[in-house]
Amino acid sequence: MFKNLITESTAKSPWLFHINSGSCNGCDIELVAVLTPRYDAERFGFKLAGSPRHADIVVVSGPLTQQSLPRTLRAISQVPEPRCIVTIGSCPQSGNVFKGSYSVMAPLSKYVHVDVAIAGCTPKPEAIMDGLVQATEILKEKRKAWLEAKKNGLKDGPKAETEQEVPAAEDIPASGEEVQQ
Amino acid sequence: MAIVYSSLVYLGYILIFPGFLFCFVAGMLITGIDRKIVAKMQKRVGPPILQPMYDFFKLMGKETIIPAAANKTAFLAAPIVGLAAMVVIQLFIPVISTPILYGTADLIVILYLLLIPALAEIYGGSASGSPYAGVGLSREMVTIIACELPLVLIFLSVAKTVGNAMGTGLCFSLSDIAAYQAANGSLMLKASMIPAAIAMLLVIPGETGNHPFDAAEAETEICEGMLAEYSGAPLGIYKLTHAIKTFTLTALFVALFLGGIGTGIVLLDALIEFAICVVLTIIFISLVHAVTARLKIEQLFKYYWTAVSAIALISLVLAWFGM
Ligand code: SF4
């Protein structure tokens, strides 16, 4: 009984943690618009959490600069399972207008599994809301998969498959170097 | 046989009514209503009233991360100690006029028990080894000290008023206070007690750490302070303790100032108590939350030690001169 209740609640109470990885602030403002009275994401239970340990959904915006990439990955790895990663805007998907810069490390999907990618520069609040609601469904699926894995004797759930080693700052090659080779 | 029976009865008190289960439901509903009302006041749709329950159950299902720098035992024990203390207080508070557990100095016991959840949070926060928790716990300590003075003054003035009438000097027993109110009408109707009642209503949001007084848990500023490193079930228990604290403090107000309006049937009384608590929460927590911005810690301290304490002191002086 409690297991079902918890699974249902997982989709109804997603807390967000927002990481700005060098964004131009456009996407951040739209995310704030989603949370404030006009679009009021709290009606679906969304809440902005202060610490990555409280979060269920990690929202990443910005083109992942060389300095912010290791920190972003480290913050993501602090989020307890089940968790979802959502990118806002074209920046974390492709690098957008910043592509080719010596310090831009996008796309994020090269380093971690991205669950929902919301495209646009900037995406509309409606699109962000839609993406976040999709992420809550994925959270629920992940919780079910985790329960299933536990039943089959995997103690930590299917975490090991999705988890990737977090590269240290000095291990990540600058994109400028790649061009030179 | 009699021992088995009475221990079963006590177990029922602790686990079901007026202990854990009753507190759980009442606290969660009150927090849910509070969030909904705040949202309405900000022209939002707001979360469903059951949202705190969803939050709690979700947190129960999440992974619990224990930081490498943390002291594991203290980190995990603190939330449980806090919750247990919170539930015990509820046993001492009469359901309007029917006390469950009683003694000669309930008010003093409650004063100490009210400290334990906050102290447990400080203990757990400092065990987590996070700098955010360090900032949060120093602020929490100031908040406790700030709220303690007016609370003691309020309790003293109630104790003196009832004690005068009973001829015992000071009366700290909540069951005697309830009996006095059943015989002479609510204390709220006594002119000399009105300032104390107002002060108590002003203390409630500070004690529960609600919005203008939440410097210790400023989530936009210090990552929820002492809770920064918590995740999963322990975090859920902290959230539950906070929810119950709101209910406990409003119920304490009902017991102190609005006693003597009960019907004598316990379940009906519990419903009436809950309804009054909801009204008090809406006016003195939600409304205040919606219209104010967070105070700095020194402003909070000054507010409680000057304005609120002065109001409570008026009552104490009046009570001391037998009015
Ligand atoms: S996607 Fe566009 S608006 Fe968003 S951070 Fe990138 S450049 Fe800025």
# chains A, B, ... in the order shown; residues from 1 in each chain; ligands from 1

$ residues_around --residues "Lys140 (chain A)" --least-positions-apart "6" --cutoff "12 Å" --atoms "only C-alpha atoms" --output "ChimeraX atom specification"
/A:3-14,56-57,81-84,133-134,146-147 /B:58,61-62

$ residues_near_ligand --ligand "ligand 1" --cutoff "12 Å" --atoms "only C-alpha atoms and all ligand atoms" --output "PyMOL selection string"
chain A and resi 19-31+60-65+87-99+104+106-107+117-124+128

$ closest_residue --among "B:Ala183, B:Leu249, B:Phe172, B:Ala133" --to "Leu107 (chain B)" --atoms "only C-alpha atoms"
B:Phe172

$ select_by_dssp --residues "chain A" --states "alpha helix (DSSP H)" --output "PyMOL selection string"
chain A and resi 2-12+26-35+68-77+91-94+125-151+159-162+175-180

$ residues_around --residues "Ala215 (chain B)" --least-positions-apart "5" --cutoff "12 Å" --atoms "only C-alpha atoms" --output "PyMOL selection string"
chain B and resi 135-144+206-210+220-226+293-301

$ write_last_selection --atoms "N, CA, C and O atoms" --output "short mmCIF file (atom, residue, chain, number, x, y, z; two decimals), in the first residue's frame"
data_model
loop_
_atom_site.label_atom_id
_atom_site.label_comp_id
_atom_site.auth_asym_id
_atom_site.auth_seq_id
_atom_site.Cartn_x
_atom_site.Cartn_y
_atom_site.Cartn_z
N VAL B 135 25.71 28.30 9.59
CA VAL B 135 25.05 29.59 9.62
C VAL B 135 23.62 29.43 10.13
O VAL B 135 23.14 30.18 10.98
N GLY B 136 22.94 28.40 9.59
CA GLY B 136 21.55 28.17 9.96
C GLY B 136 21.38 27.93 11.44
O GLY B 136 20.49 28.46 12.08
N LEU B 137 22.27 27.12 12.02
CA LEU B 137 22.04 26.78 13.43
C LEU B 137 22.34 27.95 14.35
O LEU B 137 21.68 28.08 15.39
N SER B 138 23.29 28.82 13.96
CA SER B 138 23.50 29.98 14.83
C SER B 138 22.27 30.88 14.80
O SER B 138 21.85 31.43 15.81
N ARG B 139 21.64 30.98 13.62
CA ARG B 139 20.42 31.79 13.54
C ARG B 139 19.27 31.14 14.29
O ARG B 139 18.47 31.82 14.93
N GLU B 140 19.19 29.80 14.21
CA GLU B 140 18.11 29.10 14.89
C GLU B 140 18.21 29.33 16.40
O GLU B 140 17.21 29.53 17.08
N MET B 141 19.45 29.33 16.91
CA MET B 141 19.62 29.54 18.35
C MET B 141 19.11 30.91 18.74
O MET B 141 18.43 31.06 19.76
N VAL B 142 19.43 31.92 17.92
CA VAL B 142 18.95 33.26 18.22
C VAL B 142 17.42 33.29 18.20
O VAL B 142 16.78 33.89 19.06
N THR B 143 16.83 32.58 17.22
CA THR B 143 15.36 32.56 17.13
C THR B 143 14.76 31.93 18.38
O THR B 143 13.77 32.44 18.91
N ILE B 144 15.36 30.83 18.85
CA ILE B 144 14.83 30.18 20.05
C ILE B 144 14.86 31.15 21.22
O ILE B 144 13.87 31.33 21.94
N GLY B 206 6.87 32.79 14.88
CA GLY B 206 8.29 32.76 15.17
C GLY B 206 8.75 31.39 15.63
O GLY B 206 9.77 30.88 15.20
N GLU B 207 7.95 30.80 16.51
CA GLU B 207 8.30 29.48 17.05
C GLU B 207 8.30 28.42 15.94
O GLU B 207 9.16 27.55 15.91
N THR B 208 7.33 28.51 15.03
CA THR B 208 7.26 27.49 13.98
C THR B 208 8.22 27.82 12.84
O THR B 208 8.34 27.03 11.92
N GLY B 209 8.88 28.98 12.88
CA GLY B 209 9.80 29.33 11.80
C GLY B 209 9.07 29.61 10.51
O GLY B 209 9.50 29.23 9.44
N ASN B 210 7.91 30.29 10.62
CA ASN B 210 7.18 30.60 9.40
C ASN B 210 7.64 31.92 8.81
O ASN B 210 8.47 32.60 9.38
N THR B 220 16.47 30.54 -0.07
CA THR B 220 17.10 31.25 -1.18
C THR B 220 18.46 31.79 -0.81
O THR B 220 19.20 32.26 -1.66
N GLU B 221 18.78 31.73 0.47
CA GLU B 221 19.96 32.43 0.95
C GLU B 221 21.00 31.45 1.46
O GLU B 221 22.15 31.47 1.04
N ILE B 222 20.56 30.54 2.36
CA ILE B 222 21.51 29.58 2.93
C ILE B 222 21.03 28.14 2.74
O ILE B 222 21.27 27.29 3.58
N CYS B 223 20.35 27.86 1.62
CA CYS B 223 19.96 26.47 1.29
C CYS B 223 19.22 25.78 2.42
O CYS B 223 19.55 24.65 2.77
N GLU B 224 18.25 26.41 3.01
CA GLU B 224 17.46 25.83 4.12
C GLU B 224 18.33 25.51 5.33
O GLU B 224 17.98 24.65 6.14
N GLY B 225 19.44 26.20 5.48
CA GLY B 225 20.24 26.12 6.70
C GLY B 225 20.57 24.72 7.15
O GLY B 225 21.27 23.98 6.47
N MET B 226 20.01 24.35 8.32
CA MET B 226 20.39 23.07 8.92
C MET B 226 19.95 21.87 8.10
O MET B 226 20.45 20.78 8.30
N ALA B 293 8.01 40.39 4.03
CA ALA B 293 9.26 39.86 3.51
C ALA B 293 10.11 39.40 4.69
O ALA B 293 9.88 39.84 5.81
N ARG B 294 11.05 38.52 4.42
CA ARG B 294 11.84 37.91 5.50
C ARG B 294 12.61 38.97 6.30
O ARG B 294 13.20 39.88 5.74
N LEU B 295 12.57 38.83 7.65
CA LEU B 295 13.31 39.74 8.51
C LEU B 295 14.73 39.25 8.68
O LEU B 295 15.01 38.06 8.63
N LYS B 296 15.64 40.21 8.91
CA LYS B 296 17.01 39.82 9.26
C LYS B 296 16.99 39.31 10.69
O LYS B 296 16.11 39.65 11.47
N ILE B 297 18.02 38.54 11.04
CA ILE B 297 17.97 37.86 12.33
C ILE B 297 17.97 38.87 13.49
O ILE B 297 17.27 38.69 14.49
N GLU B 298 18.70 40.00 13.32
CA GLU B 298 18.72 40.93 14.45
C GLU B 298 17.39 41.70 14.56
O GLU B 298 16.97 42.04 15.65
N GLN B 299 16.73 41.89 13.41
CA GLN B 299 15.40 42.53 13.46
C GLN B 299 14.41 41.63 14.19
O GLN B 299 13.60 42.09 14.99
N LEU B 300 14.52 40.32 13.88
CA LEU B 300 13.63 39.35 14.51
C LEU B 300 13.82 39.39 16.03
O LEU B 300 12.86 39.44 16.80
N PHE B 301 15.08 39.37 16.43
CA PHE B 301 15.40 39.35 17.85
C PHE B 301 14.85 40.59 18.55
O PHE B 301 14.21 40.52 19.60
#

$ residues_around --residues "Thr246 (chain B)" --least-positions-apart "5" --cutoff "12 Å" --atoms "only C-alpha atoms" --output "number ranges by chain"
B: 23-24, 26-34, 86, 90, 114, 201, 203-210, 239-241, 251-253, 274, 277-278, 280-282, 284-286

$ atom_distance --atom1 "CA of Ser231 (chain B)" --atom2 "CA of His211 (chain B)"
22.0 Å

$ closest_residue --among "B:Ile194, B:Val152, B:Met1, B:Ile116" --to "Leu318 (chain B)" --atoms "only C-alpha atoms"
B:Ile194

$ interface_residues --of "chain B" --to "chain A" --cutoff "9 Å" --atoms "only C-alpha atoms" --output "VMD selection string"
chain B and resid 39 42 to 48 51 to 65 218 to 224 227 to 232 235

$ closest_residue --among "B:Ser6, B:Phe22, B:Leu170, B:Thr263" --to "Ala105 (chain B)" --atoms "only C-alpha atoms"
B:Leu170

$ residues_around --residues "Ala197 (chain B)" --least-positions-apart "5" --cutoff "9 Å" --atoms "only C-alpha atoms" --output "VMD selection string"
chain B and resid 154 187 to 188 202 253 256 to 257 312 315

$ write_last_selection --atoms "C-alpha atoms" --output "PDB file, in the first residue's frame"
ATOM      1  CA  ILE B 154       2.789  34.499  28.658  1.00  0.00           C
ATOM      2  CA  LEU B 187      -9.360  33.291  29.730  1.00  0.00           C
ATOM      3  CA  MET B 188      -9.621  35.163  26.448  1.00  0.00           C
ATOM      4  CA  LEU B 202       2.567  36.838  17.559  1.00  0.00           C
ATOM      5  CA  PHE B 253      -3.233  28.583  22.357  1.00  0.00           C
ATOM      6  CA  LEU B 256      -4.572  28.277  27.307  1.00  0.00           C
ATOM      7  CA  PHE B 257      -6.988  30.953  26.204  1.00  0.00           C
ATOM      8  CA  ALA B 312       3.132  39.989  27.319  1.00  0.00           C
ATOM      9  CA  SER B 315      -0.603  40.932  31.105  1.00  0.00           C
TER      10      SER B 315
END
